[in-house]
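Structure first, commentary second.
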Amino acid sequence: MSETGTEPRPLADRLPDPTRAANVTYDPSLERLRELAADDERTTEYGSASYVSEVRSRSADRTKNAIDDEFTPADEALLEGAVDAAADRELLCVDRLMGRHPDATFCCRLYVPREYARIAFAWAKLFEPADGREPDFRTVQLPDHDELAIRVLPDEGLTAVLGSDYTGEAKKSFLRLFMLAAKRRGGLGLHAGSKRVRVEVDGELREVGQVFLGLSATGKSTLTSHGLRLESPEEAVMLQDDVCALLPDGSVAGSEGGGLYIKTIGLTEAEQPDLHDAATAESAVLENVAVDPDGTVDFEADRYTRNSRAVIDRETLDSAAAEIDLPRIDQLFFITRNPLMPPVAKLTERQAAVAFMLGESIETSAGDPSRAGESIRVVGTNPFIVGPEGEEGNRFRELTASLDVDCFIINTGYVGSEEVDVGVAESVTILRELARGTVEWTDDERTGLTIPESIPGLDVDAYYVPDHVEEYDAAVADLREERRNYLEGFPTLDPAIRGSIY
């Protein structure tokens, strides 16, 4: 309460009104944003724009939000300073709509200094033009701030991104709040991709909604965008690549209607033709990709980082549907690269909640480049959760159980110490046949999992994990003990979930 007895004005409301402030250029066109970023651009052989940032990954260890973290006076000063600086800088302000679902659409407003137009340009291509509504969420990004810090006031919908010029921070500042809003409305935000698969079963076409949870660089974009080698009238189309919201009615709301922010390291036309074509379109925006002075693009090289990126337009991706919302979720996949996991296993209701809480994967260059390749656990494979993580697991179980969702864990790495690869072709076969309902299952006593007895087109016996791990039983016992200890760290998690370790 202020000395006058009135509530202090919210910080978000102190940001400049872009329609009135003389220091703000409001909603310039994409063409104008690219012109403003011309000094930073290296034009590629495809005519697309390429930029290099100073910060090349998210700064998770420098991020705090006012719900999960106790803000100090220093944190409050960072936010105050960011808002005050916005009143004095020459800024660009861009409004975009995140989502299309009637229960999950938000207006997002990004402020960046004029000299960092490249950030606004890339970010603006991910979402769709706003409809003139007032913003729900605001982010002010000041890359030249002398301290690297991201501070979030979730209840105000305000984020300050300080000291980072990485486009991914702008993107996630809004998606983080999108997921929180979904949870507050009875749903659950997911760091996930979604696709609609249409297959022929007993002479009739059936639609199957698939959702993929996974950290960046574990194959989420590849599997979400893959056509599963189906031929008309069968088809598989991508709806969302990165963040969705599972709603209580079983629909899955998308967030990004304009483009996708994909990893490009190792992107090849042979393995990922759709993504490669989109990343080499003139409309793409490359970030930290190896581009020679003559414009030659090398997606294999990690000249700047292994977290090289491209913003691609949905319209250039043949596998992308026109819509971004999934009417109904049927199958949900946890993507892992744990070598003790089979190529696919079917999970019970409680096992699925355990898998959600474990979020077992590998660290990537998008998160912490210094730990890339290490085994990690991230609840929901979602580094952007706001609020108690145990409650996320409880909500996940409630929703998937009530909606009768089939849940699976899918290994996109290798099986066992002998490194038996599970490649894209194998994963695609699994997804296609699961959609068709042709997979036969067996409860395997040694692994404690329900694993395939047969999958058309795949020799499942060649991937039986115990055959490829020395002292398998001891290794699995150690893994289960690790998992049990890990889940003990979530006091709000339903004990029934903690007791369902697989």
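Residues are named by chain letter and number: chains run A, B, ... in the order of the structure tokens, numbers start at 1 in each chain, and ligands are numbered from 1 in the order shown.
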### Query
So which residues of stretch 265-306 of chain A fall under strand (DSSP E) by DSSP, listed as a PyMOL selection string?
chain A and resi 285-287+290-291+297-298
### Query
Residues at most 6 Å from stretch 48-58 of chain A, counting only C-alpha atoms, excluding those fewer than 2 positions away in the same chain, as a VMD selection string?
chain A and resid 41 to 44 46 60 164 to 166 282 to 288 366 to 367
Output N, CA and C atoms of each residue in that selection to a file, as a compact mmCIF listing (two decimals), in the first residue's frame.
# COMPACT_ATOMS: atom_id res chain seq x y z
N GLU A 41 22.29 -8.35 -40.53
CA GLU A 41 21.94 -9.49 -41.38
C GLU A 41 23.09 -9.94 -42.27
N ARG A 42 23.23 -11.26 -42.38
CA ARG A 42 23.98 -11.86 -43.48
C ARG A 42 22.96 -12.63 -44.31
N THR A 43 22.79 -12.23 -45.55
CA THR A 43 21.78 -12.83 -46.41
C THR A 43 22.29 -14.17 -46.93
N THR A 44 21.45 -15.19 -46.83
CA THR A 44 21.86 -16.53 -47.23
C THR A 44 21.71 -16.74 -48.73
N TYR A 46 19.72 -18.50 -50.05
CA TYR A 46 18.30 -18.67 -50.35
C TYR A 46 17.54 -17.34 -50.30
N ALA A 60 18.44 -20.43 -18.00
CA ALA A 60 17.56 -20.98 -16.98
C ALA A 60 18.05 -20.66 -15.57
N SER A 164 20.21 -10.51 -22.36
CA SER A 164 20.19 -11.59 -23.34
C SER A 164 19.56 -11.12 -24.64
N ASP A 165 20.24 -11.42 -25.75
CA ASP A 165 19.70 -11.10 -27.06
C ASP A 165 19.24 -12.36 -27.80
N TYR A 166 18.98 -13.42 -27.05
CA TYR A 166 18.54 -14.69 -27.62
C TYR A 166 17.04 -14.65 -27.87
N GLU A 282 13.01 -18.76 -48.54
CA GLU A 282 13.40 -17.35 -48.42
C GLU A 282 12.81 -16.71 -47.18
N SER A 283 11.67 -17.21 -46.73
CA SER A 283 10.98 -16.60 -45.59
C SER A 283 11.57 -17.00 -44.24
N ALA A 284 12.48 -17.97 -44.20
CA ALA A 284 13.05 -18.42 -42.93
C ALA A 284 13.95 -17.33 -42.34
N VAL A 285 14.10 -17.36 -41.03
CA VAL A 285 15.04 -16.49 -40.33
C VAL A 285 15.99 -17.39 -39.55
N LEU A 286 17.27 -17.35 -39.90
CA LEU A 286 18.26 -18.21 -39.25
C LEU A 286 18.93 -17.48 -38.10
N GLU A 287 19.21 -18.23 -37.03
CA GLU A 287 19.86 -17.66 -35.86
C GLU A 287 21.01 -18.57 -35.43
N ASN A 288 22.22 -18.03 -35.48
CA ASN A 288 23.43 -18.75 -35.06
C ASN A 288 23.71 -19.99 -35.91
N ALA A 366 20.22 -26.33 -26.03
CA ALA A 366 19.19 -25.29 -25.87
C ALA A 366 19.01 -24.92 -24.40
N GLY A 367 19.33 -25.86 -23.49
CA GLY A 367 19.17 -25.59 -22.08
C GLY A 367 20.47 -25.15 -21.44
### Task
For stretch 197-213 of chain A, list every protein, DNA or RNA residue within 7 Å, evaluated using only C-alpha atoms, and leave out those in the same chain fewer than 3 positions away; present the list as a list in words.
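The contact residues come out as His191, Ala192, Gly193, Ser194, Lys220, Glu234, Glu235, Ala236, Val237, Leu326, Arg328, Ile329, Asp330, Gln331, Leu332, Phe333, Phe334, Ile335, Thr381, Ala435 and Arg436 of chain A.
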### Message
Taking the DSSP secondary structure from the backbone, can you list the residues of stretch 391-493 of chain A that are alpha helix (DSSP H), as an MDAnalysis selection string?
### Response
chainID A and resid 391:402 424:436 472:487
### Message
Set the distance at 12 Å and use only C-alpha atoms: which residues neighbour A:Pro10 once local chain neighbours fewer than 2 positions away are removed? I'd like the list as a VMD selection string.
### Response
chain A and resid 1 6 to 8 12 to 15 79 to 80 83 153 to 158
The selected residues should be written to file as a CSV table (one decimal), in the first residue's frame (atoms: N, CA and C atoms).
chain,number,residue,atom,x,y,z
A,1,MET,N,0.9,-1.2,0.0
A,1,MET,CA,0.0,0.0,0.0
A,1,MET,C,0.9,1.2,0.0
A,6,THR,N,-3.5,4.2,-1.5
A,6,THR,CA,-4.0,3.5,-2.8
A,6,THR,C,-3.0,2.4,-3.1
A,7,GLU,N,-3.5,1.4,-3.9
A,7,GLU,CA,-2.7,0.3,-4.3
A,7,GLU,C,-1.7,0.9,-5.4
A,8,PRO,N,-0.4,0.4,-5.3
A,8,PRO,CA,0.6,0.9,-6.3
A,8,PRO,C,0.2,0.4,-7.7
A,12,ALA,N,3.5,-3.6,-15.0
A,12,ALA,CA,3.1,-3.8,-16.4
A,12,ALA,C,2.4,-2.6,-17.0
A,13,ASP,N,1.6,-2.0,-16.2
A,13,ASP,CA,0.8,-0.8,-16.7
A,13,ASP,C,1.7,0.4,-16.8
A,14,ARG,N,2.9,0.4,-16.3
A,14,ARG,CA,3.8,1.6,-16.4
A,14,ARG,C,4.6,1.5,-17.7
A,15,LEU,N,4.5,0.4,-18.4
A,15,LEU,CA,5.2,0.4,-19.7
A,15,LEU,C,4.6,1.4,-20.7
A,79,LEU,N,13.3,-5.3,-12.1
A,79,LEU,CA,12.1,-5.1,-12.8
A,79,LEU,C,11.7,-3.6,-12.9
A,80,GLU,N,11.9,-2.9,-11.8
A,80,GLU,CA,11.6,-1.5,-11.9
A,80,GLU,C,12.5,-0.8,-12.9
A,83,VAL,N,11.4,-1.4,-16.5
A,83,VAL,CA,10.2,-0.6,-16.9
A,83,VAL,C,10.6,0.9,-17.1
A,153,LEU,N,6.9,-11.7,-13.4
A,153,LEU,CA,5.7,-11.5,-12.5
A,153,LEU,C,4.5,-12.1,-13.1
A,154,PRO,N,4.3,-13.4,-12.8
A,154,PRO,CA,3.2,-14.2,-13.5
A,154,PRO,C,1.8,-13.5,-13.3
A,155,ASP,N,1.5,-13.0,-12.1
A,155,ASP,CA,0.2,-12.5,-11.9
A,155,ASP,C,-0.1,-11.2,-12.6
A,156,GLU,N,1.0,-10.5,-13.0
A,156,GLU,CA,0.9,-9.3,-13.8
A,156,GLU,C,1.1,-9.6,-15.3
A,157,GLY,N,1.5,-10.8,-15.6
A,157,GLY,CA,1.8,-11.1,-17.0
A,157,GLY,C,3.0,-10.4,-17.6
A,158,LEU,N,4.0,-10.1,-16.7
A,158,LEU,CA,5.1,-9.2,-17.1
A,158,LEU,C,6.4,-10.0,-16.9
So which residues touch A:Thr492 within 12 Å, counting only C-alpha atoms, skipping near sequence neighbours fewer than 6 positions away, as a short mmCIF file (atom, residue, chain, number, x, y, z; two decimals) with C-alpha atoms, in the first residue's frame?
data_model
loop_
_atom_site.label_atom_id
_atom_site.label_comp_id
_atom_site.auth_asym_id
_atom_site.auth_seq_id
_atom_site.Cartn_x
_atom_site.Cartn_y
_atom_site.Cartn_z
CA MET A 357 7.31 -36.48 -13.20
CA GLY A 387 4.01 -23.39 -9.49
CA PRO A 388 4.57 -26.63 -7.52
CA GLU A 389 5.77 -29.39 -9.82
CA GLY A 390 4.08 -32.14 -7.82
CA GLU A 391 0.72 -30.52 -8.52
CA GLU A 392 1.52 -30.71 -12.24
CA GLY A 393 1.91 -34.47 -11.92
CA ASN A 394 -1.38 -34.79 -10.06
CA ARG A 395 -3.17 -32.70 -12.69
CA ARG A 498 5.34 -42.17 -6.08
#
Just the residues within 9 Å of A:Gly258, please, counting only C-alpha atoms, with nothing from its chain fewer than 4 positions along; format it as a PDB file with N, CA and C atoms, in the first residue's frame.
ATOM      1  N   ALA A 124       8.180 -12.101 -34.156  1.00  0.00           N
ATOM      2  CA  ALA A 124       6.882 -11.752 -34.739  1.00  0.00           C
ATOM      3  C   ALA A 124       6.411 -12.778 -35.760  1.00  0.00           C
ATOM      4  N   LYS A 125       7.339 -13.494 -36.377  1.00  0.00           N
ATOM      5  CA  LYS A 125       6.958 -14.496 -37.378  1.00  0.00           C
ATOM      6  C   LYS A 125       6.386 -15.765 -36.756  1.00  0.00           C
ATOM      7  N   LEU A 126       6.573 -15.943 -35.445  1.00  0.00           N
ATOM      8  CA  LEU A 126       6.094 -17.152 -34.785  1.00  0.00           C
ATOM      9  C   LEU A 126       4.596 -17.112 -34.499  1.00  0.00           C
ATOM     10  N   PHE A 127       4.072 -15.912 -34.330  1.00  0.00           N
ATOM     11  CA  PHE A 127       2.676 -15.764 -33.931  1.00  0.00           C
ATOM     12  C   PHE A 127       1.909 -14.973 -34.987  1.00  0.00           C
ATOM     13  N   GLU A 128       0.629 -14.832 -34.782  1.00  0.00           N
ATOM     14  CA  GLU A 128      -0.224 -14.187 -35.778  1.00  0.00           C
ATOM     15  C   GLU A 128      -0.559 -12.757 -35.357  1.00  0.00           C
ATOM     16  N   PRO A 129      -0.830 -11.895 -36.326  1.00  0.00           N
ATOM     17  CA  PRO A 129      -1.138 -10.495 -36.002  1.00  0.00           C
ATOM     18  C   PRO A 129      -2.272 -10.380 -35.002  1.00  0.00           C
ATOM     19  N   ILE A 312      10.763 -20.811 -39.024  1.00  0.00           N
ATOM     20  CA  ILE A 312      10.203 -21.170 -40.324  1.00  0.00           C
ATOM     21  C   ILE A 312       8.708 -20.870 -40.338  1.00  0.00           C
ATOM     22  N   ASP A 313       8.203 -20.489 -41.507  1.00  0.00           N
ATOM     23  CA  ASP A 313       6.780 -20.228 -41.667  1.00  0.00           C
ATOM     24  C   ASP A 313       6.018 -21.542 -41.785  1.00  0.00           C
ATOM     25  N   ARG A 314       4.894 -21.635 -41.117  1.00  0.00           N
ATOM     26  CA  ARG A 314       4.062 -22.838 -41.236  1.00  0.00           C
ATOM     27  C   ARG A 314       3.684 -23.105 -42.695  1.00  0.00           C
ATOM     28  N   GLU A 315       3.473 -22.033 -43.440  1.00  0.00           N
ATOM     29  CA  GLU A 315       3.016 -22.199 -44.823  1.00  0.00           C
ATOM     30  C   GLU A 315       4.051 -22.884 -45.707  1.00  0.00           C
TER      31      GLU A 315
END
### Message
I'd like the interatomic distance between atom CA of A:Pro339 and atom CA of A:Thr429, to a tenth of an Å.
### Response
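One can read the atom CA of A:Pro339 to atom CA of A:Thr429 distance as 19.4 Å.
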#### Entry: Nearest-residue call for A:Leu431, choices A:Leu110, A:Leu11, A:Ile150, A:Leu223, using only C-alpha atoms
A:Leu223
### Message
Just checking: using only C-alpha atoms, which residue out of A:Gly168, A:Pro491, A:Pro18, A:Gly499 ends up closest to A:Glu90?
### Response
A:Pro18
